[in-house]
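**Q** One structure, pasted below without further comment.
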Amino acid sequence: MAPPRIVDFATLGKDQLAQAARILRQALPGPMAYKGPGEAEAEVAKVLGDPARFGFAALVGDEVAGWIGAARGYSHSLELHPLAVDPASQRTGVGRALVAALEARARAEGFLAIHLGADDDFGGTSLFGQDVFGEVLATAGQVTADERHPLGFYRRCGFEVVGLIPDANGPGKPDILMAKRIA
């Protein structure tokens, strides 16, 4: 596959935005990940309609192979949310290209770090189904994941686990907090 062309998310046409919503529904493994009617479309609209948000898309030809969003919520750390790569384009460099584009933009805007939450509401990590209260920090440092969960991808991109929110998505379904210094 040829390297994708990275473009500003706001430049996508109507059909490409529909592709981005489809990819968001299909790419994320959890049962709660934008699977409800209109949820993926609403997330696409947020990236376009909120001045505190922006994103990039990876195009192969005129087709969307993946996309990444960002939210400005802290003065010096940018939130990566979401990252979705078409299952047919995963493990081809699309995700890394999108993260690199986001990092470049974040640096240009003066951010020092990028942070994200990597939910486990489906059993992709060693934390799923566990009651980690009382051992939160020790447990966060020992988390492992299978190939379905994005934890390994983010670690390969230089992110590290910096905490977790136990039961964020229900009992035994944590949100794993990750961050990367970029400055």
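Residue numbering restarts at 1 in every chain; chains get A, B, ... in the order shown in the structure tokens, and ligands count up from 1 in that same order.
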Select from region 9-70 of chain A everything DSSP, run on the backbone, classes as helix (DSSP H, G or I), then give the selection as a PyMOL selection string.
**A** chain A and resi 9-11+14-27+39-49
**Q** Quick one: residues within 6 Å of region 6-21 of chain A, only C-alpha atoms counted, chain neighbours fewer than 4 positions away excluded, as a ChimeraX atom specification?
**A** /A:40-41,55-58
**Q** Just checking: using only C-alpha atoms, which residue out of A:Ala88, A:Leu137, A:Leu78, A:Val161 ends up closest to Ala104 (chain A)?
**A**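 Smallest distance to Ala104 (chain A) is found for A:Leu78.
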**Q** Please extract the residues of region 68-173 of chain A with a backbone DSSP assignment of strand (DSSP E) and present them as a list of chain:residue names.
**A**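 Put together, the selection reads A:Ile68, A:Gly69, A:Ala70, A:Ala71, A:Arg72, A:Ser77, A:Leu78, A:Glu79, A:Leu80, A:His81, A:Pro82, A:Leu83, A:Ala84, A:Val85, A:Ala113, A:Ile114, A:His115, A:Leu116, A:Gly117, A:Ala118, A:Asp119, A:Glu160, A:Val161, A:Val162, A:Gly163, A:Leu164, A:Ile165.
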**Q** Convert the current residue selection to file output with N, CA, C and O atoms, as a JSON list (two decimals), in the first residue's frame.
**A**
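Below you can see out27.json, which holds the result:
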[["chain", "number", "residue", "atom", "x", "y", "z"],
["A", 68, "ILE", "N", -7.87, 10.88, 12.84],
["A", 68, "ILE", "CA", -7.51, 11.16, 14.23],
["A", 68, "ILE", "C", -8.10, 12.50, 14.60],
["A", 68, "ILE", "O", -8.16, 13.41, 13.78],
["A", 69, "GLY", "N", -8.56, 12.60, 15.83],
["A", 69, "GLY", "CA", -9.09, 13.84, 16.35],
["A", 69, "GLY", "C", -8.31, 14.31, 17.55],
["A", 69, "GLY", "O", -7.58, 13.53, 18.17],
["A", 70, "ALA", "N", -8.46, 15.57, 17.88],
["A", 70, "ALA", "CA", -7.79, 16.14, 19.04],
["A", 70, "ALA", "C", -8.69, 17.17, 19.69],
["A", 70, "ALA", "O", -9.48, 17.83, 19.01],
["A", 71, "ALA", "N", -8.54, 17.30, 21.00],
["A", 71, "ALA", "CA", -9.32, 18.27, 21.76],
["A", 71, "ALA", "C", -8.38, 19.09, 22.65],
["A", 71, "ALA", "O", -7.56, 18.52, 23.36],
["A", 72, "ARG", "N", -8.53, 20.39, 22.57],
["A", 72, "ARG", "CA", -7.76, 21.30, 23.42],
["A", 72, "ARG", "C", -8.55, 21.47, 24.73],
["A", 72, "ARG", "O", -9.58, 22.13, 24.74],
["A", 77, "SER", "N", -1.34, 20.29, 27.39],
["A", 77, "SER", "CA", -1.47, 18.90, 26.96],
["A", 77, "SER", "C", -2.71, 18.78, 26.09],
["A", 77, "SER", "O", -3.80, 19.21, 26.46],
["A", 78, "LEU", "N", -2.53, 18.17, 24.94],
["A", 78, "LEU", "CA", -3.60, 17.99, 23.96],
["A", 78, "LEU", "C", -4.14, 16.57, 24.07],
["A", 78, "LEU", "O", -3.37, 15.62, 24.19],
["A", 79, "GLU", "N", -5.46, 16.44, 24.04],
["A", 79, "GLU", "CA", -6.06, 15.10, 24.10],
["A", 79, "GLU", "C", -6.21, 14.52, 22.70],
["A", 79, "GLU", "O", -6.80, 15.13, 21.82],
["A", 80, "LEU", "N", -5.69, 13.32, 22.50],
["A", 80, "LEU", "CA", -5.91, 12.56, 21.27],
["A", 80, "LEU", "C", -7.25, 11.85, 21.43],
["A", 80, "LEU", "O", -7.41, 11.03, 22.33],
["A", 81, "HIS", "N", -8.21, 12.19, 20.57],
["A", 81, "HIS", "CA", -9.53, 11.55, 20.66],
["A", 81, "HIS", "C", -10.35, 11.88, 19.43],
["A", 81, "HIS", "O", -10.62, 13.05, 19.18],
["A", 82, "PRO", "N", -10.75, 10.90, 18.68],
["A", 82, "PRO", "CA", -10.35, 9.49, 18.70],
["A", 82, "PRO", "C", -9.29, 9.21, 17.65],
["A", 82, "PRO", "O", -8.92, 10.10, 16.87],
["A", 83, "LEU", "N", -8.82, 7.98, 17.59],
["A", 83, "LEU", "CA", -8.00, 7.48, 16.49],
["A", 83, "LEU", "C", -8.70, 6.24, 15.97],
["A", 83, "LEU", "O", -8.96, 5.31, 16.74],
["A", 84, "ALA", "N", -9.02, 6.23, 14.69],
["A", 84, "ALA", "CA", -9.72, 5.09, 14.08],
["A", 84, "ALA", "C", -9.12, 4.82, 12.71],
["A", 84, "ALA", "O", -9.04, 5.72, 11.88],
["A", 85, "VAL", "N", -8.68, 3.59, 12.51],
["A", 85, "VAL", "CA", -8.12, 3.16, 11.22],
["A", 85, "VAL", "C", -8.98, 2.03, 10.69],
["A", 85, "VAL", "O", -9.30, 1.09, 11.42],
["A", 113, "ALA", "N", 2.69, 18.00, 25.69],
["A", 113, "ALA", "CA", 2.37, 16.58, 25.77],
["A", 113, "ALA", "C", 1.05, 16.30, 25.05],
["A", 113, "ALA", "O", 0.27, 17.22, 24.79],
["A", 114, "ILE", "N", 0.85, 15.03, 24.78],
["A", 114, "ILE", "CA", -0.43, 14.53, 24.26],
["A", 114, "ILE", "C", -0.88, 13.43, 25.20],
["A", 114, "ILE", "O", -0.08, 12.60, 25.64],
["A", 115, "HIS", "N", -2.16, 13.46, 25.55],
["A", 115, "HIS", "CA", -2.70, 12.42, 26.43],
["A", 115, "HIS", "C", -3.92, 11.78, 25.78],
["A", 115, "HIS", "O", -4.51, 12.32, 24.84],
["A", 116, "LEU", "N", -4.28, 10.60, 26.28],
["A", 116, "LEU", "CA", -5.44, 9.87, 25.75],
["A", 116, "LEU", "C", -5.95, 8.90, 26.80],
["A", 116, "LEU", "O", -5.27, 8.58, 27.77],
["A", 117, "GLY", "N", -7.14, 8.42, 26.57],
["A", 117, "GLY", "CA", -7.71, 7.34, 27.36],
["A", 117, "GLY", "C", -7.95, 6.14, 26.45],
["A", 117, "GLY", "O", -8.48, 6.29, 25.36],
["A", 118, "ALA", "N", -7.49, 4.98, 26.90],
["A", 118, "ALA", "CA", -7.66, 3.74, 26.13],
["A", 118, "ALA", "C", -8.57, 2.81, 26.93],
["A", 118, "ALA", "O", -8.12, 2.05, 27.77],
["A", 119, "ASP", "N", -9.86, 2.93, 26.68],
["A", 119, "ASP", "CA", -10.85, 2.15, 27.44],
["A", 119, "ASP", "C", -10.69, 0.65, 27.21],
["A", 119, "ASP", "O", -10.30, 0.21, 26.13],
["A", 160, "GLU", "N", 3.08, 6.30, 27.30],
["A", 160, "GLU", "CA", 3.22, 5.45, 28.47],
["A", 160, "GLU", "C", 1.98, 5.55, 29.34],
["A", 160, "GLU", "O", 1.26, 6.55, 29.31],
["A", 161, "VAL", "N", 1.72, 4.50, 30.09],
["A", 161, "VAL", "CA", 0.60, 4.50, 31.01],
["A", 161, "VAL", "C", 0.93, 5.44, 32.16],
["A", 161, "VAL", "O", 1.99, 5.33, 32.78],
["A", 162, "VAL", "N", 0.03, 6.39, 32.41],
["A", 162, "VAL", "CA", 0.25, 7.36, 33.49],
["A", 162, "VAL", "C", -0.82, 7.27, 34.58],
["A", 162, "VAL", "O", -0.75, 7.98, 35.57],
["A", 163, "GLY", "N", -1.78, 6.39, 34.39],
["A", 163, "GLY", "CA", -2.82, 6.21, 35.39],
["A", 163, "GLY", "C", -3.97, 5.41, 34.82],
["A", 163, "GLY", "O", -3.92, 4.95, 33.68],
["A", 164, "LEU", "N", -4.98, 5.26, 35.63],
["A", 164, "LEU", "CA", -6.19, 4.62, 35.14],
["A", 164, "LEU", "C", -7.37, 5.05, 35.98],
["A", 164, "LEU", "O", -7.22, 5.49, 37.11],
["A", 165, "ILE", "N", -8.53, 4.95, 35.36],
["A", 165, "ILE", "CA", -9.77, 5.24, 36.06],
["A", 165, "ILE", "C", -10.53, 3.93, 36.17],
["A", 165, "ILE", "O", -11.10, 3.44, 35.19]]
**Q** Considering only C-alpha atoms, can you say which of A:Ile176, A:Ile182, A:Ala33, A:Ala27 comes closest to Arg107 (chain A)?
**A**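 So, comparing all the options, the nearest one is A:Ile182.
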**Q** Go ahead and compute the interatomic distance for CA of Ile23 (chain A) and CA of Gly93 (chain A), in Å to one decimal.
**A** 16.0 Å
**Q** For each of A:Ala168, A:Ala52, A:Leu59, A:Leu127, take the minimum atom-to-atom distance to His149 (chain A), counting only C-alpha atoms, then give the residue where this is smallest.
**A**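 So, comparing all the options, the nearest one is A:Leu127.
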